[in-house]
Amino acid sequence: MAVVETKALSYTYPGGSKPSLRDVSLTIQKGEFVILTGPSGCGKTTLCRCFNGLIPHFYGGELKGDLRVAELKVSEHPIYEMAKRVGLVFQNPENQLFALSVEKDVAFGLENLGMPRDEIRKRVDWTLQMTGIEELRERAPHELSGGQQQRVAIASVLAMQPEIMIFDEPTSFLDPLGAQKIFEVINDLKNKLGITVILVEHRLDLAAKYADHVVIMDEGKIVLDGEPREIFNSETAWLLGVGIPKAVRLWHLLQENGIALGGVPVSSEEATQFLREVLKR
Amino acid sequence: MIEIKDISFTYPTGVEALKDVSLTIGDGEFVAIMGQNGAGKTTLVKHFNGLLKPAKGEVLVDGVSTRDVSVAKLARKVGFVFQNPDHQLFSETVEEEIAFALRNFGFDEATIEKRVTWALNLLDLTEYRKTSPFMLSGGERKRVALASVLAWDPTVVILDEPTIGQDHRQKENLRQFIVQLNGQGKTVVVVTHDVEFVAECNPRVVLMTGGQTVADGEAKKILTDTTLTLAASIVPPQITQIFLGLTDLGLPFDVINVSEAKKILLEYLEGANH
């Protein structure tokens, strides 16, 4: 079942001289883990703003084409309705956090939904545990480091348990182990709760292995859309300067030298396994 | 030269961010300060230009204690590019943003014009000259912040998490750019946890955890030491992870970049064929 469906979607920001999205047709199935990537300024963030209704309801501008998310025609449903179904974690956590304690920030959205207190408490506990920030419960978000703040921001969206979660470079501020943990949490949500994940990411080394579906944009258009191995192996992806994982780069360099591995590795574990087969021969 | 002599620092909230840190950074060095979130990396580098003064110990920049000079004076020598460009940018146009510090340092208008044009060009921002920094993307704003510091030509450039929000190509540009700056004799200090970026630059790495430095040496040595990386919440570079799984075949594990990996694997296979 498709949870996101766009047909010939084009969008220009108010006062914009050229469209930020051009003829975007994309289908995302329920429960997929999608990586959306492409050079800076390619329209990734703009497309995500369409998914939760910020475009057109908040930004205005000119939107053309078809846009259906979680079975709703986005142009006909206000942001607060879309927000229940589509959660968005921003690139910079400071734009999202405001409460005096981590716990209150995470509970805020739930309180707004009118959820019973006991339920809120349980949900907050679960969320803090999932994101590994239980010990920060009483701390003020503005006193935390960038990485800790981003985990709080993710937690406060996670608490709402939306159908679709969009992460706009959620690990930029995290140390690598923290980043890995977040990707695992996100993957867990996908597997356990069937949440559809849309991850906007430049650093693919850590994230690639979780993806079912990779979409690459350039200049407002979708240029590649498909299965990760196929995409990372595509010449177009290399030409666009997408951050191809190092394991794939190594695979490619070896292939140029006449050494064929068993497949395109999307993680270090896979690369080790494929190399082992070749080296032991 | 920057000499950190046994400094400690505690924030007013009571968080002890640095404990007895000593470190010397020589002229023209390229150093990456790495470690987990909250390890004290940013707090440490804020001491390099006097933004923070140590509670204990002292920081000497070219032999002068940061307690004895104003931040304004130190800034001329030690340029600091913040992690979040929004903490730094405030002007109405990119051009004015870059010119601001130059005016404060008392450069004449002709020099300012020349420096601004140079910096815009250097960071590929010329087309945004008359644009408001706040209309730009996060990655572009970071480049404006960097341009505004480089414009006054400090001898030490500190970059706090420069790769955040940069796409792969911009990161590659940044890498070449840093290597070039360093090649011109500038001291470059990068605070980062972008392991792949460091693996490609191969600088001296200072590893921090819990407000202390725990390792100091070549990137290749430190990033491949799994005990150290784990302690600092860092994941070894993907290439190292691959090689760590192949050590039983007699391959080395201290490999951090792709071309080196290729070379080793090809030699191994060639040896096996003979």
# chains A, B, ... in the order shown; residues from 1 in each chain; ligands from 1
call {"tool": "closest_atom_pairs", "arguments": {"of": "segment 186-276 of chain A", "to": "segment 160-165 of chain A", "cutoff": "10 Å", "atoms": "only C-alpha atoms", "output": "JSON lines"}}
result
{"residue": "A:Ile186", "atom": "CA", "partner": "A:Met165", "partner_atom": "CA", "distance": 9.0}
{"residue": "A:Leu189", "atom": "CA", "partner": "A:Gln161", "partner_atom": "CA", "distance": 9.0}
{"residue": "A:Lys190", "atom": "CA", "partner": "A:Ile164", "partner_atom": "CA", "distance": 9.4}
{"residue": "A:Leu193", "atom": "CA", "partner": "A:Gln161", "partner_atom": "CA", "distance": 8.6}
{"residue": "A:Gly194", "atom": "CA", "partner": "A:Glu163", "partner_atom": "CA", "distance": 7.8}
{"residue": "A:Ile195", "atom": "CA", "partner": "A:Glu163", "partner_atom": "CA", "distance": 5.1}
{"residue": "A:Thr196", "atom": "CA", "partner": "A:Ile164", "partner_atom": "CA", "distance": 4.6}
{"residue": "A:Val197", "atom": "CA", "partner": "A:Met165", "partner_atom": "CA", "distance": 5.1}
{"residue": "A:Ile198", "atom": "CA", "partner": "A:Met165", "partner_atom": "CA", "distance": 6.2}
{"residue": "A:Leu199", "atom": "CA", "partner": "A:Met165", "partner_atom": "CA", "distance": 8.2}
call {"tool": "residues_around", "arguments": {"residues": "segment 68-84 of chain B", "least_positions_apart": "2", "cutoff": "7 Å", "atoms": "only C-alpha atoms", "output": "PyMOL selection string"}}
result
chain B and resi 49-51+65-66+86-88+145-146+149+154-162
call {"tool": "write_last_selection", "arguments": {"atoms": "C-alpha atoms", "output": "mmCIF file, in the first residue's frame"}}
result
data_model
loop_
_atom_site.group_PDB
_atom_site.id
_atom_site.type_symbol
_atom_site.label_atom_id
_atom_site.label_comp_id
_atom_site.auth_asym_id
_atom_site.auth_seq_id
_atom_site.Cartn_x
_atom_site.Cartn_y
_atom_site.Cartn_z
ATOM 1 C CA ASN B 49 40.986 32.383 21.353
ATOM 2 C CA GLY B 50 40.133 33.448 24.884
ATOM 3 C CA LEU B 51 36.347 33.085 24.537
ATOM 4 C CA SER B 65 48.424 34.259 28.292
ATOM 5 C CA THR B 66 44.812 34.554 27.090
ATOM 6 C CA ASP B 86 23.168 31.080 13.201
ATOM 7 C CA HIS B 87 25.195 31.884 16.321
ATOM 8 C CA GLN B 88 27.512 33.921 14.173
ATOM 9 C CA ALA B 145 30.462 31.834 8.427
ATOM 10 C CA LEU B 146 33.737 30.316 7.255
ATOM 11 C CA VAL B 149 36.524 34.383 9.347
ATOM 12 C CA PRO B 154 43.968 34.615 10.896
ATOM 13 C CA THR B 155 47.032 32.395 11.393
ATOM 14 C CA VAL B 156 45.063 29.788 13.311
ATOM 15 C CA VAL B 157 41.655 28.658 12.042
ATOM 16 C CA ILE B 158 39.385 26.712 14.367
ATOM 17 C CA LEU B 159 36.451 24.957 12.749
ATOM 18 C CA ASP B 160 33.791 23.535 15.047
ATOM 19 C CA GLU B 161 32.048 20.639 13.261
ATOM 20 C CA PRO B 162 32.590 22.021 9.748
#
call {"tool": "closest_residue", "arguments": {"among": "B:Arg67, B:Pro54, B:Pro252, B:Leu150", "to": "Ala99 of chain B", "atoms": "only C-alpha atoms"}}
result
B:Leu150
call {"tool": "select_by_dssp", "arguments": {"residues": "segment 80-118 of chain B", "states": "helix (DSSP H, G or I)", "output": "list of chain:residue names"}}
result
B:Pro85, B:Asp86, B:His87, B:Val94, B:Glu95, B:Glu96, B:Glu97, B:Ile98, B:Ala99, B:Phe100, B:Ala101, B:Leu102, B:Arg103, B:Asn104, B:Glu109, B:Ala110, B:Thr111, B:Ile112, B:Glu113, B:Lys114, B:Arg115, B:Val116, B:Thr117, B:Trp118
call {"tool": "write_last_selection", "arguments": {"atoms": "N, CA and C atoms", "output": "PDB file, in the first residue's frame"}}
result
ATOM      1  N   PRO B  85      26.024  28.142  12.364  1.00  0.00           N
ATOM      2  CA  PRO B  85      26.279  29.457  11.749  1.00  0.00           C
ATOM      3  C   PRO B  85      25.319  30.533  12.263  1.00  0.00           C
ATOM      4  N   ASP B  86      24.142  30.094  12.731  1.00  0.00           N
ATOM      5  CA  ASP B  86      23.168  31.080  13.201  1.00  0.00           C
ATOM      6  C   ASP B  86      23.625  31.785  14.479  1.00  0.00           C
ATOM      7  N   HIS B  87      24.650  31.220  15.140  1.00  0.00           N
ATOM      8  CA  HIS B  87      25.195  31.884  16.321  1.00  0.00           C
ATOM      9  C   HIS B  87      26.169  32.987  15.919  1.00  0.00           C
ATOM     10  N   VAL B  94      25.177  38.809   2.631  1.00  0.00           N
ATOM     11  CA  VAL B  94      26.375  37.986   2.786  1.00  0.00           C
ATOM     12  C   VAL B  94      27.619  38.872   2.743  1.00  0.00           C
ATOM     13  N   GLU B  95      27.589  39.817   1.827  1.00  0.00           N
ATOM     14  CA  GLU B  95      28.717  40.738   1.647  1.00  0.00           C
ATOM     15  C   GLU B  95      29.003  41.533   2.934  1.00  0.00           C
ATOM     16  N   GLU B  96      27.922  42.072   3.546  1.00  0.00           N
ATOM     17  CA  GLU B  96      28.104  42.855   4.777  1.00  0.00           C
ATOM     18  C   GLU B  96      28.599  41.982   5.914  1.00  0.00           C
ATOM     19  N   GLU B  97      28.112  40.739   5.910  1.00  0.00           N
ATOM     20  CA  GLU B  97      28.524  39.789   6.947  1.00  0.00           C
ATOM     21  C   GLU B  97      30.044  39.622   6.926  1.00  0.00           C
ATOM     22  N   ILE B  98      30.566  39.443   5.727  1.00  0.00           N
ATOM     23  CA  ILE B  98      32.006  39.205   5.597  1.00  0.00           C
ATOM     24  C   ILE B  98      32.796  40.485   5.884  1.00  0.00           C
ATOM     25  N   ALA B  99      32.220  41.621   5.497  1.00  0.00           N
ATOM     26  CA  ALA B  99      32.920  42.899   5.685  1.00  0.00           C
ATOM     27  C   ALA B  99      32.944  43.347   7.147  1.00  0.00           C
ATOM     28  N   PHE B 100      31.997  42.860   7.931  1.00  0.00           N
ATOM     29  CA  PHE B 100      31.815  43.364   9.300  1.00  0.00           C
ATOM     30  C   PHE B 100      33.088  43.318  10.154  1.00  0.00           C
ATOM     31  N   ALA B 101      33.655  42.093  10.246  1.00  0.00           N
ATOM     32  CA  ALA B 101      34.841  41.947  11.096  1.00  0.00           C
ATOM     33  C   ALA B 101      36.009  42.756  10.533  1.00  0.00           C
ATOM     34  N   LEU B 102      36.094  42.798   9.192  1.00  0.00           N
ATOM     35  CA  LEU B 102      37.188  43.543   8.559  1.00  0.00           C
ATOM     36  C   LEU B 102      37.114  45.016   8.958  1.00  0.00           C
ATOM     37  N   ARG B 103      35.894  45.557   8.996  1.00  0.00           N
ATOM     38  CA  ARG B 103      35.722  46.964   9.418  1.00  0.00           C
ATOM     39  C   ARG B 103      36.176  47.116  10.865  1.00  0.00           C
ATOM     40  N   ASN B 104      35.769  46.150  11.704  1.00  0.00           N
ATOM     41  CA  ASN B 104      36.138  46.217  13.119  1.00  0.00           C
ATOM     42  C   ASN B 104      37.644  46.163  13.325  1.00  0.00           C
ATOM     43  N   GLU B 109      38.630  50.632   3.157  1.00  0.00           N
ATOM     44  CA  GLU B 109      37.531  50.150   2.305  1.00  0.00           C
ATOM     45  C   GLU B 109      38.010  49.370   1.076  1.00  0.00           C
ATOM     46  N   ALA B 110      39.111  49.815   0.477  1.00  0.00           N
ATOM     47  CA  ALA B 110      39.606  49.132  -0.725  1.00  0.00           C
ATOM     48  C   ALA B 110      40.047  47.705  -0.382  1.00  0.00           C
ATOM     49  N   THR B 111      40.736  47.569   0.751  1.00  0.00           N
ATOM     50  CA  THR B 111      41.179  46.243   1.181  1.00  0.00           C
ATOM     51  C   THR B 111      39.960  45.373   1.518  1.00  0.00           C
ATOM     52  N   ILE B 112      38.988  45.985   2.195  1.00  0.00           N
ATOM     53  CA  ILE B 112      37.779  45.241   2.563  1.00  0.00           C
ATOM     54  C   ILE B 112      37.109  44.693   1.313  1.00  0.00           C
ATOM     55  N   GLU B 113      36.937  45.548   0.318  1.00  0.00           N
ATOM     56  CA  GLU B 113      36.318  45.144  -0.938  1.00  0.00           C
ATOM     57  C   GLU B 113      37.069  43.954  -1.560  1.00  0.00           C
ATOM     58  N   LYS B 114      38.392  44.066  -1.555  1.00  0.00           N
ATOM     59  CA  LYS B 114      39.227  43.034  -2.149  1.00  0.00           C
ATOM     60  C   LYS B 114      39.098  41.708  -1.383  1.00  0.00           C
ATOM     61  N   ARG B 115      39.167  41.816  -0.044  1.00  0.00           N
ATOM     62  CA  ARG B 115      39.088  40.627   0.797  1.00  0.00           C
ATOM     63  C   ARG B 115      37.717  39.945   0.675  1.00  0.00           C
ATOM     64  N   VAL B 116      36.650  40.752   0.638  1.00  0.00           N
ATOM     65  CA  VAL B 116      35.296  40.204   0.545  1.00  0.00           C
ATOM     66  C   VAL B 116      35.146  39.432  -0.768  1.00  0.00           C
ATOM     67  N   THR B 117      35.584  40.045  -1.853  1.00  0.00           N
ATOM     68  CA  THR B 117      35.493  39.387  -3.158  1.00  0.00           C
ATOM     69  C   THR B 117      36.290  38.088  -3.159  1.00  0.00           C
ATOM     70  N   TRP B 118      37.474  38.150  -2.561  1.00  0.00           N
ATOM     71  CA  TRP B 118      38.335  36.973  -2.476  1.00  0.00           C
ATOM     72  C   TRP B 118      37.646  35.841  -1.698  1.00  0.00           C
TER      73      TRP B 118
END
call {"tool": "select_by_dssp", "arguments": {"residues": "segment 46-271 of chain A", "states": "strand (DSSP E or B)", "output": "VMD selection string"}}
result
chain A and resid 62 to 69 72 to 73 86 to 89 164 to 168 196 to 200 213 to 218 221 to 226
call {"tool": "atom_distance", "arguments": {"atom1": "atom CA of Pro12 of chain B", "atom2": "atom CA of Ala55 of chain B"}}
result
11.2 Å
call {"tool": "closest_atom_pairs", "arguments": {"of": "chain A", "to": "chain B", "cutoff": "6 Å", "atoms": "only C-alpha atoms", "output": "tab-separated table"}}
result
residue	atom	partner	partner_atom	distance
A:Pro39	CA	B:Asp167	CA	5.7
A:Ser40	CA	B:Asp167	CA	5.7
A:Ser145	CA	B:Gly38	CA	5.8
A:Gly147	CA	B:Asn37	CA	5.8
A:Ser172	CA	B:Ile164	CA	5.5
A:Asp175	CA	B:Gln36	CA	5.3
A:Pro176	CA	B:Ile234	CA	5.0
A:Leu177	CA	B:Ser233	CA	5.0
A:His202	CA	B:Asp167	CA	5.5
A:Gly241	CA	B:Arg169	CA	5.4
A:Val242	CA	B:His168	CA	5.8
A:Gly243	CA	B:His168	CA	4.9
A:Leu250	CA	B:Val258	CA	5.9
A:Ser268	CA	B:Ile242	CA	5.0
A:Thr272	CA	B:Ile242	CA	5.0
call {"tool": "write_last_selection", "arguments": {"atoms": "N, CA and C atoms", "output": "PDB file, in the first residue's frame"}}
result
ATOM      1  N   PRO A  39      22.627  16.396  -3.802  1.00  0.00           N
ATOM      2  CA  PRO A  39      23.444  17.547  -3.425  1.00  0.00           C
ATOM      3  C   PRO A  39      22.648  18.588  -2.643  1.00  0.00           C
ATOM      4  N   SER A  40      23.362  19.371  -1.852  1.00  0.00           N
ATOM      5  CA  SER A  40      22.773  20.463  -1.087  1.00  0.00           C
ATOM      6  C   SER A  40      21.932  21.341  -2.018  1.00  0.00           C
ATOM      7  N   SER A 145      24.205  19.204  25.032  1.00  0.00           N
ATOM      8  CA  SER A 145      25.051  19.346  23.846  1.00  0.00           C
ATOM      9  C   SER A 145      24.191  19.130  22.600  1.00  0.00           C
ATOM     10  N   GLY A 147      24.259  17.025  20.187  1.00  0.00           N
ATOM     11  CA  GLY A 147      23.872  15.642  19.934  1.00  0.00           C
ATOM     12  C   GLY A 147      22.763  15.173  20.868  1.00  0.00           C
ATOM     13  N   SER A 172      23.338  14.527  12.214  1.00  0.00           N
ATOM     14  CA  SER A 172      24.426  15.475  11.934  1.00  0.00           C
ATOM     15  C   SER A 172      25.199  15.871  13.187  1.00  0.00           C
ATOM     16  N   ASP A 175      27.632  11.994  17.786  1.00  0.00           N
ATOM     17  CA  ASP A 175      28.870  11.259  17.585  1.00  0.00           C
ATOM     18  C   ASP A 175      28.509   9.928  16.923  1.00  0.00           C
ATOM     19  N   PRO A 176      29.492   9.289  16.270  1.00  0.00           N
ATOM     20  CA  PRO A 176      29.153   8.118  15.446  1.00  0.00           C
ATOM     21  C   PRO A 176      28.416   6.997  16.192  1.00  0.00           C
ATOM     22  N   LEU A 177      28.819   6.710  17.421  1.00  0.00           N
ATOM     23  CA  LEU A 177      28.099   5.653  18.144  1.00  0.00           C
ATOM     24  C   LEU A 177      26.668   6.082  18.418  1.00  0.00           C
ATOM     25  N   HIS A 202      23.112  12.730   4.107  1.00  0.00           N
ATOM     26  CA  HIS A 202      24.279  12.801   3.228  1.00  0.00           C
ATOM     27  C   HIS A 202      25.269  11.694   3.557  1.00  0.00           C
ATOM     28  N   GLY A 241      28.015  13.172  -7.196  1.00  0.00           N
ATOM     29  CA  GLY A 241      28.802  13.378  -5.987  1.00  0.00           C
ATOM     30  C   GLY A 241      28.044  12.997  -4.732  1.00  0.00           C
ATOM     31  N   VAL A 242      27.144  12.019  -4.857  1.00  0.00           N
ATOM     32  CA  VAL A 242      26.448  11.523  -3.667  1.00  0.00           C
ATOM     33  C   VAL A 242      27.462  10.767  -2.809  1.00  0.00           C
ATOM     34  N   GLY A 243      27.282  10.823  -1.490  1.00  0.00           N
ATOM     35  CA  GLY A 243      28.232  10.176  -0.579  1.00  0.00           C
ATOM     36  C   GLY A 243      28.113   8.665  -0.560  1.00  0.00           C
ATOM     37  N   LEU A 250      35.082   0.754  -2.459  1.00  0.00           N
ATOM     38  CA  LEU A 250      36.116  -0.276  -2.497  1.00  0.00           C
ATOM     39  C   LEU A 250      35.730  -1.354  -3.507  1.00  0.00           C
ATOM     40  N   SER A 268      29.777  -2.697   6.139  1.00  0.00           N
ATOM     41  CA  SER A 268      31.126  -3.238   6.287  1.00  0.00           C
ATOM     42  C   SER A 268      31.073  -4.757   6.486  1.00  0.00           C
ATOM     43  N   THR A 272      33.179  -7.351   4.235  1.00  0.00           N
ATOM     44  CA  THR A 272      34.104  -8.328   4.816  1.00  0.00           C
ATOM     45  C   THR A 272      33.786  -9.726   4.293  1.00  0.00           C
TER      46      THR A 272
END
call {"tool": "atom_distance", "arguments": {"atom1": "atom CA of Gly16 of chain A", "atom2": "atom CA of Met135 of chain B"}}
result
11.0 Å
call {"tool": "residues_around", "arguments": {"residues": "Asp27 of chain B", "least_positions_apart": "2", "cutoff": "7 Å", "atoms": "only C-alpha atoms", "output": "ChimeraX atom specification"}}
result
/B:1,25,29,187
call {"tool": "atom_distance", "arguments": {"atom1": "atom CA of Val264 of chain A", "atom2": "atom CA of Val34 of chain A"}}
result
18.3 Å
call {"tool": "residues_around", "arguments": {"residues": "Phe108 of chain A", "least_positions_apart": "3", "cutoff": "12 Å", "atoms": "only C-alpha atoms", "output": "PyMOL selection string"}}
result
chain A and resi 96-105+111-115+117+120-121+123-124+153+155-160
call {"tool": "write_last_selection", "arguments": {"atoms": "N, CA and C atoms", "output": "PDB file, in the first residue's frame"}}
result
ATOM      1  N   GLN A  96      13.379  23.102  17.431  1.00  0.00           N
ATOM      2  CA  GLN A  96      12.260  22.244  17.764  1.00  0.00           C
ATOM      3  C   GLN A  96      11.997  22.186  19.264  1.00  0.00           C
ATOM      4  N   LEU A  97      13.034  22.380  20.074  1.00  0.00           N
ATOM      5  CA  LEU A  97      12.911  22.200  21.518  1.00  0.00           C
ATOM      6  C   LEU A  97      12.605  23.529  22.190  1.00  0.00           C
ATOM      7  N   PHE A  98      11.778  23.480  23.239  1.00  0.00           N
ATOM      8  CA  PHE A  98      11.439  24.743  23.900  1.00  0.00           C
ATOM      9  C   PHE A  98      11.102  24.572  25.370  1.00  0.00           C
ATOM     10  N   ALA A  99      10.752  23.341  25.821  1.00  0.00           N
ATOM     11  CA  ALA A  99      10.272  23.153  27.187  1.00  0.00           C
ATOM     12  C   ALA A  99      11.422  23.264  28.190  1.00  0.00           C
ATOM     13  N   LEU A 100      11.070  23.281  29.491  1.00  0.00           N
ATOM     14  CA  LEU A 100      12.082  23.461  30.529  1.00  0.00           C
ATOM     15  C   LEU A 100      12.742  22.157  30.947  1.00  0.00           C
ATOM     16  N   SER A 101      12.129  21.034  30.598  1.00  0.00           N
ATOM     17  CA  SER A 101      12.802  19.762  30.848  1.00  0.00           C
ATOM     18  C   SER A 101      12.572  18.843  29.662  1.00  0.00           C
ATOM     19  N   VAL A 102      13.469  17.881  29.529  1.00  0.00           N
ATOM     20  CA  VAL A 102      13.403  16.916  28.436  1.00  0.00           C
ATOM     21  C   VAL A 102      12.052  16.192  28.475  1.00  0.00           C
ATOM     22  N   GLU A 103      11.687  15.764  29.675  1.00  0.00           N
ATOM     23  CA  GLU A 103      10.444  15.038  29.872  1.00  0.00           C
ATOM     24  C   GLU A 103       9.243  15.841  29.355  1.00  0.00           C
ATOM     25  N   LYS A 104       9.238  17.137  29.693  1.00  0.00           N
ATOM     26  CA  LYS A 104       8.111  17.989  29.280  1.00  0.00           C
ATOM     27  C   LYS A 104       8.078  18.176  27.770  1.00  0.00           C
ATOM     28  N   ASP A 105       9.270  18.265  27.184  1.00  0.00           N
ATOM     29  CA  ASP A 105       9.330  18.416  25.735  1.00  0.00           C
ATOM     30  C   ASP A 105       8.756  17.185  25.046  1.00  0.00           C
ATOM     31  N   GLU A 111       0.243  15.627  25.328  1.00  0.00           N
ATOM     32  CA  GLU A 111      -0.710  16.436  26.107  1.00  0.00           C
ATOM     33  C   GLU A 111      -1.679  17.140  25.164  1.00  0.00           C
ATOM     34  N   ASN A 112      -1.141  17.623  24.048  1.00  0.00           N
ATOM     35  CA  ASN A 112      -1.990  18.309  23.076  1.00  0.00           C
ATOM     36  C   ASN A 112      -3.012  17.388  22.437  1.00  0.00           C
ATOM     37  N   LEU A 113      -2.695  16.099  22.405  1.00  0.00           N
ATOM     38  CA  LEU A 113      -3.650  15.145  21.847  1.00  0.00           C
ATOM     39  C   LEU A 113      -4.713  14.761  22.878  1.00  0.00           C
ATOM     40  N   GLY A 114      -4.536  15.240  24.120  1.00  0.00           N
ATOM     41  CA  GLY A 114      -5.499  14.944  25.170  1.00  0.00           C
ATOM     42  C   GLY A 114      -5.395  13.527  25.694  1.00  0.00           C
ATOM     43  N   MET A 115      -4.196  12.969  25.655  1.00  0.00           N
ATOM     44  CA  MET A 115      -3.983  11.601  26.116  1.00  0.00           C
ATOM     45  C   MET A 115      -4.022  11.527  27.647  1.00  0.00           C
ATOM     46  N   ARG A 117      -3.090  10.887  31.539  1.00  0.00           N
ATOM     47  CA  ARG A 117      -1.783  11.078  32.187  1.00  0.00           C
ATOM     48  C   ARG A 117      -0.946   9.800  32.275  1.00  0.00           C
ATOM     49  N   ILE A 120       0.443   8.916  29.011  1.00  0.00           N
ATOM     50  CA  ILE A 120       1.539   9.834  28.658  1.00  0.00           C
ATOM     51  C   ILE A 120       2.826   9.402  29.356  1.00  0.00           C
ATOM     52  N   ARG A 121       2.699   9.101  30.651  1.00  0.00           N
ATOM     53  CA  ARG A 121       3.887   8.715  31.427  1.00  0.00           C
ATOM     54  C   ARG A 121       4.541   7.479  30.819  1.00  0.00           C
ATOM     55  N   ARG A 123       4.247   6.337  27.760  1.00  0.00           N
ATOM     56  CA  ARG A 123       4.764   6.643  26.429  1.00  0.00           C
ATOM     57  C   ARG A 123       6.086   7.415  26.534  1.00  0.00           C
ATOM     58  N   VAL A 124       6.166   8.337  27.492  1.00  0.00           N
ATOM     59  CA  VAL A 124       7.392   9.112  27.676  1.00  0.00           C
ATOM     60  C   VAL A 124       8.526   8.185  28.114  1.00  0.00           C
ATOM     61  N   ALA A 153      14.882  15.831  20.416  1.00  0.00           N
ATOM     62  CA  ALA A 153      13.998  16.223  19.315  1.00  0.00           C
ATOM     63  C   ALA A 153      13.384  14.987  18.652  1.00  0.00           C
ATOM     64  N   ALA A 155      13.013  12.095  20.078  1.00  0.00           N
ATOM     65  CA  ALA A 155      12.109  11.493  21.056  1.00  0.00           C
ATOM     66  C   ALA A 155      10.746  12.177  21.061  1.00  0.00           C
ATOM     67  N   SER A 156      10.742  13.503  20.958  1.00  0.00           N
ATOM     68  CA  SER A 156       9.461  14.194  21.064  1.00  0.00           C
ATOM     69  C   SER A 156       8.574  13.930  19.844  1.00  0.00           C
ATOM     70  N   VAL A 157       9.178  13.609  18.721  1.00  0.00           N
ATOM     71  CA  VAL A 157       8.374  13.239  17.547  1.00  0.00           C
ATOM     72  C   VAL A 157       7.963  11.760  17.642  1.00  0.00           C
ATOM     73  N   LEU A 158       8.932  10.966  18.083  1.00  0.00           N
ATOM     74  CA  LEU A 158       8.696   9.530  18.243  1.00  0.00           C
ATOM     75  C   LEU A 158       7.528   9.252  19.188  1.00  0.00           C
ATOM     76  N   ALA A 159       7.407  10.080  20.210  1.00  0.00           N
ATOM     77  CA  ALA A 159       6.366   9.887  21.222  1.00  0.00           C
ATOM     78  C   ALA A 159       4.973   9.889  20.612  1.00  0.00           C
ATOM     79  N   MET A 160       4.808  10.599  19.522  1.00  0.00           N
ATOM     80  CA  MET A 160       3.499  10.699  18.873  1.00  0.00           C
ATOM     81  C   MET A 160       3.164   9.434  18.072  1.00  0.00           C
TER      82      MET A 160
END
call {"tool": "closest_residue", "arguments": {"among": "A:Arg137, A:Lys64, A:His57, A:His213", "to": "Ile28 of chain A", "atoms": "only C-alpha atoms"}}
result
A:His213
call {"tool": "residues_around", "arguments": {"residues": "Leu23 of chain B", "least_positions_apart": "2", "cutoff": "10 Å", "atoms": "only C-alpha atoms", "output": "MDAnalysis selection string"}}
result
chainID B and resid 2:7 21 25:26 59 206 213 216
call {"tool": "residues_around", "arguments": {"residues": "Gly53 of chain A", "least_positions_apart": "4", "cutoff": "8 Å", "atoms": "only C-alpha atoms", "output": "ChimeraX atom specification"}}
result
/A:49,57-58,74-75,77-79,82
call {"tool": "write_last_selection", "arguments": {"atoms": "N, CA and C atoms", "output": "tab-separated table (two decimals), in the first residue's frame"}}
result
chain	number	residue	atom	x	y	z
A	49	ARG	N	8.77	18.90	3.23
A	49	ARG	CA	7.80	19.88	3.72
A	49	ARG	C	6.43	19.66	3.07
A	57	HIS	N	0.44	24.75	3.11
A	57	HIS	CA	-0.32	25.49	4.13
A	57	HIS	C	0.47	26.57	4.86
A	58	PHE	N	1.74	26.32	5.18
A	58	PHE	CA	2.52	27.31	5.92
A	58	PHE	C	3.33	28.21	4.98
A	74	VAL	N	-3.09	16.22	0.58
A	74	VAL	CA	-2.47	17.17	1.50
A	74	VAL	C	-3.04	18.59	1.38
A	75	SER	N	-3.33	19.02	0.16
A	75	SER	CA	-3.81	20.39	-0.01
A	75	SER	C	-5.17	20.62	0.66
A	77	HIS	N	-6.09	19.13	3.64
A	77	HIS	CA	-6.06	18.85	5.08
A	77	HIS	C	-5.03	19.75	5.77
A	78	PRO	N	-5.46	20.44	6.84
A	78	PRO	CA	-4.57	21.38	7.51
A	78	PRO	C	-3.37	20.68	8.17
A	79	ILE	N	-2.35	21.47	8.53
A	79	ILE	CA	-1.11	20.93	9.10
A	79	ILE	C	-1.38	20.08	10.34
A	82	MET	N	-2.32	16.66	9.36
A	82	MET	CA	-1.20	15.94	8.76
A	82	MET	C	-0.17	15.56	9.85
